[in-house]
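S.K.: Below is the structure I would like to discuss, written out as structure tokens.
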Amino acid sequence: MTTSNATELTADHHARLAGLGLRVDHLDEAIWAGVDARLSAPPLGPTNGAGLLDWVHRVGRLREVLVAEGWTKVDKWNAGLVQHPSKPVVLGTLQGNRSTGNPLAPLRSDYAKGPAIAAMMRGNDHDQLSLFDSFHAHEWKLWFLVTYVVQEDERTTVLREVSQPEPTPQGQVVDRWAHRITLPPLEFGPLPPMRAAHEVDVPVRVRE
């Protein structure tokens, strides 16, 4: 694995992630696992196959490295999340758009969210004026590792950030954010050409 952004990360990046109990290497291990899985997608497989493999391995590796540090996997409604050991912080994964990682651009999720994720976002902050370290609420604060894969020739770049959306009704894309920790792009290369960044959206429903 090769990266080009080591000198671009700042102390502020590390400090803000640490406030959530995260390190950059946690995120990068998960991202690399997804990129590596994309390479195994058969050329004549389904168009969303590479994205599905990426998501499965990204979720799995992210939970693996965090569970090893005391976090707990959360399979509520099959949403594939992981919970901080002492704070009401829950982390999932989300595919963004080309604005991922750019604090001046409008980030949005690639897919509308179902009732389960919408329900879990109800305890999130409502605007960016809320205190970053305000974890006093009893409800979970749902954050996402947001990624977007860009393929140019043999070079693959993953745009990335860790962000908390504002509460979002079901059936809508996520496009309002209480907090965004935007990170420099993570570059891999050269790698064999891979399928485009189509990610499957796994529907999960709230059981009454």
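Chain labels A, B, ... are given in the sequence in which chains occur in the structure tokens; within each chain residues are numbered consecutively from 1, and ligands are likewise numbered from 1 in the order shown.
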Which polymer residues have any atom within 7 Å of an atom of A:Thr93, counting only C-alpha atoms, with same-chain residues fewer than 4 positions away left out, as a PDB file with N, CA and C atoms, in the first residue's frame?

M.R.:
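Result saved to around_25.pdb:
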```pdb
ATOM      1  N   VAL A  59     -16.353  -2.515   5.948  1.00  0.00           N
ATOM      2  CA  VAL A  59     -17.077  -2.641   7.216  1.00  0.00           C
ATOM      3  C   VAL A  59     -16.392  -3.663   8.118  1.00  0.00           C
ATOM      4  N   PHE A 144     -20.130   8.608  10.337  1.00  0.00           N
ATOM      5  CA  PHE A 144     -19.789   7.742   9.218  1.00  0.00           C
ATOM      6  C   PHE A 144     -18.363   7.991   8.743  1.00  0.00           C
ATOM      7  N   LEU A 145     -17.687   6.903   8.381  1.00  0.00           N
ATOM      8  CA  LEU A 145     -16.502   7.006   7.536  1.00  0.00           C
ATOM      9  C   LEU A 145     -17.042   7.121   6.114  1.00  0.00           C
ATOM     10  N   VAL A 146     -16.930   8.311   5.531  1.00  0.00           N
ATOM     11  CA  VAL A 146     -17.463   8.574   4.200  1.00  0.00           C
ATOM     12  C   VAL A 146     -16.327   8.458   3.191  1.00  0.00           C
TER      13      VAL A 146
END
```

S.K.: Please, which residues in stretch 52-147 of chain A fall within 6 Å of stretch 31-39 of chain A when counting only C-alpha atoms, and what is the closest atom pair and distance in Å to one decimal for each, ordered by chain then residue number, as a tab-separated table?

M.R.:
```
residue	atom	partner	partner_atom	distance
A:Leu53	CA	A:Ala37	CA	5.7
A:Asp54	CA	A:Gly34	CA	3.8
A:His57	CA	A:Gly34	CA	5.1
A:Arg58	CA	A:Gly34	CA	4.7
```

S.K.: Take the selection from the previous step and output its residues with N, CA and C atoms, as a PDB file, in the first residue's frame.

M.R.:
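Result written to again01.pdb:
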```
ATOM      1  N   LEU A  53     -18.233  -5.775  -2.717  1.00  0.00           N
ATOM      2  CA  LEU A  53     -17.044  -6.345  -2.085  1.00  0.00           C
ATOM      3  C   LEU A  53     -16.315  -5.282  -1.257  1.00  0.00           C
ATOM      4  N   ASP A  54     -16.193  -4.087  -1.810  1.00  0.00           N
ATOM      5  CA  ASP A  54     -15.550  -2.978  -1.100  1.00  0.00           C
ATOM      6  C   ASP A  54     -16.266  -2.732   0.225  1.00  0.00           C
ATOM      7  N   HIS A  57     -15.837  -5.629   2.919  1.00  0.00           N
ATOM      8  CA  HIS A  57     -14.501  -5.703   3.517  1.00  0.00           C
ATOM      9  C   HIS A  57     -14.154  -4.429   4.282  1.00  0.00           C
ATOM     10  N   ARG A  58     -14.657  -3.282   3.837  1.00  0.00           N
ATOM     11  CA  ARG A  58     -14.419  -2.037   4.564  1.00  0.00           C
ATOM     12  C   ARG A  58     -15.096  -2.085   5.926  1.00  0.00           C
TER      13      ARG A  58
END
```

S.K.: With only C-alpha atoms as the basis for distance, which of A:Ile181, A:Val74, A:Leu142, A:Leu9 is at the shortest distance from A:Val90?

M.R.: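 Between A:Ile181, A:Val74, A:Leu142, A:Leu9, the residue approaching A:Val90 most closely is A:Leu142.
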
S.K.: Neighbouring residues of A:Arg122 were defined as those with any atom within 10 Å, considering only C-alpha atoms; residues of the same chain fewer than 5 positions away were excluded. Please report them as a PyMOL selection string.

M.R.: chain A and resi 117+139-142+165-169

S.K.: Just to be explicit: take each residue in the selection above, keep all heavy atoms, and write the result as a short mmCIF file (atom, residue, chain, number, x, y, z; two decimals), in the first residue's frame.

M.R.:
```
data_model
loop_
_atom_site.label_atom_id
_atom_site.label_comp_id
_atom_site.auth_asym_id
_atom_site.auth_seq_id
_atom_site.Cartn_x
_atom_site.Cartn_y
_atom_site.Cartn_z
N ILE A 117 -31.43 3.51 9.40
CA ILE A 117 -30.41 4.55 9.54
C ILE A 117 -31.07 5.88 9.92
O ILE A 117 -30.54 6.63 10.75
CB ILE A 117 -29.59 4.69 8.25
CG1 ILE A 117 -28.77 3.41 8.00
CG2 ILE A 117 -28.67 5.90 8.32
CD1 ILE A 117 -27.77 3.09 9.09
N GLU A 139 -28.87 9.31 23.70
CA GLU A 139 -29.02 8.70 22.39
C GLU A 139 -27.67 8.57 21.71
O GLU A 139 -26.75 9.33 21.96
CB GLU A 139 -29.96 9.53 21.52
CG GLU A 139 -31.39 9.57 22.01
CD GLU A 139 -32.28 10.39 21.11
OE1 GLU A 139 -32.12 11.63 21.11
OE2 GLU A 139 -33.10 9.79 20.40
N TRP A 140 -27.59 7.60 20.82
CA TRP A 140 -26.37 7.43 20.04
C TRP A 140 -26.13 8.63 19.14
O TRP A 140 -27.06 9.27 18.66
CB TRP A 140 -26.49 6.20 19.17
CG TRP A 140 -26.22 4.91 19.89
CD1 TRP A 140 -25.62 4.74 21.09
CD2 TRP A 140 -26.56 3.60 19.43
NE1 TRP A 140 -25.55 3.42 21.41
CE2 TRP A 140 -26.12 2.69 20.41
CE3 TRP A 140 -27.19 3.10 18.28
CZ2 TRP A 140 -26.28 1.31 20.29
CZ3 TRP A 140 -27.36 1.75 18.15
CH2 TRP A 140 -26.90 0.85 19.13
N LYS A 141 -24.85 8.92 18.92
CA LYS A 141 -24.43 9.89 17.92
C LYS A 141 -23.83 9.09 16.77
O LYS A 141 -22.77 8.47 16.90
CB LYS A 141 -23.38 10.85 18.49
CG LYS A 141 -23.83 11.64 19.71
CD LYS A 141 -24.90 12.66 19.36
CE LYS A 141 -25.21 13.56 20.56
NZ LYS A 141 -26.26 14.56 20.25
N LEU A 142 -24.52 9.06 15.66
CA LEU A 142 -24.11 8.24 14.53
C LEU A 142 -23.20 9.03 13.59
O LEU A 142 -23.59 10.05 13.04
CB LEU A 142 -25.34 7.75 13.76
CG LEU A 142 -25.08 6.89 12.52
CD1 LEU A 142 -24.29 5.63 12.88
CD2 LEU A 142 -26.40 6.53 11.84
N PRO A 165 -23.93 13.30 10.19
CA PRO A 165 -25.04 13.97 9.53
C PRO A 165 -26.04 14.53 10.53
O PRO A 165 -26.14 14.06 11.65
CB PRO A 165 -25.68 12.85 8.70
CG PRO A 165 -25.36 11.61 9.47
CD PRO A 165 -24.01 11.84 10.10
N GLU A 166 -26.76 15.54 10.11
CA GLU A 166 -27.91 15.97 10.89
C GLU A 166 -29.01 14.92 10.71
O GLU A 166 -28.98 14.13 9.77
CB GLU A 166 -28.40 17.34 10.40
CG GLU A 166 -27.41 18.46 10.67
CD GLU A 166 -28.00 19.83 10.35
OE1 GLU A 166 -29.24 19.93 10.25
OE2 GLU A 166 -27.23 20.79 10.20
N PRO A 167 -29.98 14.87 11.63
CA PRO A 167 -31.08 13.92 11.46
C PRO A 167 -31.71 14.06 10.07
O PRO A 167 -31.98 15.17 9.61
CB PRO A 167 -32.05 14.32 12.57
CG PRO A 167 -31.18 14.92 13.62
CD PRO A 167 -30.10 15.65 12.87
N THR A 168 -31.91 12.92 9.42
CA THR A 168 -32.40 12.90 8.04
C THR A 168 -33.58 11.96 7.92
O THR A 168 -33.49 10.81 8.35
CB THR A 168 -31.27 12.44 7.08
OG1 THR A 168 -30.14 13.30 7.23
CG2 THR A 168 -31.75 12.47 5.64
N PRO A 169 -34.69 12.40 7.35
CA PRO A 169 -35.84 11.50 7.19
C PRO A 169 -35.51 10.33 6.27
O PRO A 169 -34.65 10.44 5.39
CB PRO A 169 -36.91 12.41 6.56
CG PRO A 169 -36.47 13.81 6.86
CD PRO A 169 -34.97 13.76 6.88
#
```

S.K.: Neighbours of A:Leu81 within 6 Å (only C-alpha atoms; same-chain residues fewer than 3 positions away dropped), as a ChimeraX atom specification?

M.R.: /A:73-74,91-92

S.K.: Which residues are close to A:Thr100, i.e. within 10 Å by only C-alpha atoms, leaving aside same-chain residues fewer than 4 positions away? Reply as a PyMOL selection string.

M.R.: chain A and resi 95-96+104-109+146-149+158-163+180+182-185

S.K.: Hey, which of A:Gly21, A:Gly60, A:Gly114, A:Gly123 ends up closest to A:Gln172? Count only C-alpha atoms.

M.R.: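 The closest residue to A:Gln172 is A:Gly114.
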
S.K.: Would you please give, as number ranges by chain, all residues of stretch 40-115 of chain A that DSSP assigns to alpha helix (DSSP H) based on the backbone?

M.R.: A: 49-67, 115

S.K.: Neighbouring residues of A:Thr156 were defined as those with any atom within 7 Å, considering only C-alpha atoms; residues of the same chain fewer than 4 positions away were excluded. Please report them as a PyMOL selection string.

M.R.: chain A and resi 150-152+187-189

S.K.: Can you write out the residues you just picked, keeping C-alpha atoms, as a PDB file, in the first residue's frame?

M.R.:
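After the write, part.pdb holds the following:
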```
ATOM      1  CA  VAL A 150     -11.851   7.813  -8.047  1.00  0.00           C
ATOM      2  CA  GLN A 151     -10.130   5.694 -10.713  1.00  0.00           C
ATOM      3  CA  GLU A 152      -7.795   7.408 -13.174  1.00  0.00           C
ATOM      4  CA  GLU A 187      -3.814   7.492  -3.028  1.00  0.00           C
ATOM      5  CA  PHE A 188      -2.960   3.973  -4.135  1.00  0.00           C
ATOM      6  CA  GLY A 189      -0.951   3.084  -7.147  1.00  0.00           C
TER       7      GLY A 189
END
```

S.K.: Please return, as a PyMOL selection string, all residues of stretch 66-160 of chain A that DSSP assigns to strand (DSSP E) on the basis of the backbone.

M.R.: chain A and resi 72-74+81-83+89-95+141-152+155-160

S.K.: Take atom CA of A:Gln83 and atom CA of A:Ala50 and report the distance between them in Å, one decimal.

M.R.: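 Going from atom CA of A:Gln83 over to atom CA of A:Ala50 covers 26.8 Å.
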
S.K.: Tell me, in Å to one decimal, how far atom CA of A:Arg63 is from atom CA of A:Ala30.

M.R.: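 Pair atom CA of A:Arg63 / atom CA of A:Ala30 returns 8.5 Å.
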
S.K.: Rank nothing, just name the residue among A:Asn102, A:Leu186, A:Asp153, A:Ala116 nearest to A:Gln170, using only C-alpha atoms.

M.R.: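 Selected residue with least distance to A:Gln170: A:Ala116.
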
S.K.: To one decimal in Å, tell me the separation between atom CA of A:His84 and atom CA of A:Leu66.

M.R.: 8.4 Å

S.K.: Determine the nearest neighbour of A:Ala178 from the options A:Trp143, A:Pro42, A:Glu29, A:Glu154, counting only C-alpha atoms.

M.R.: A:Trp143
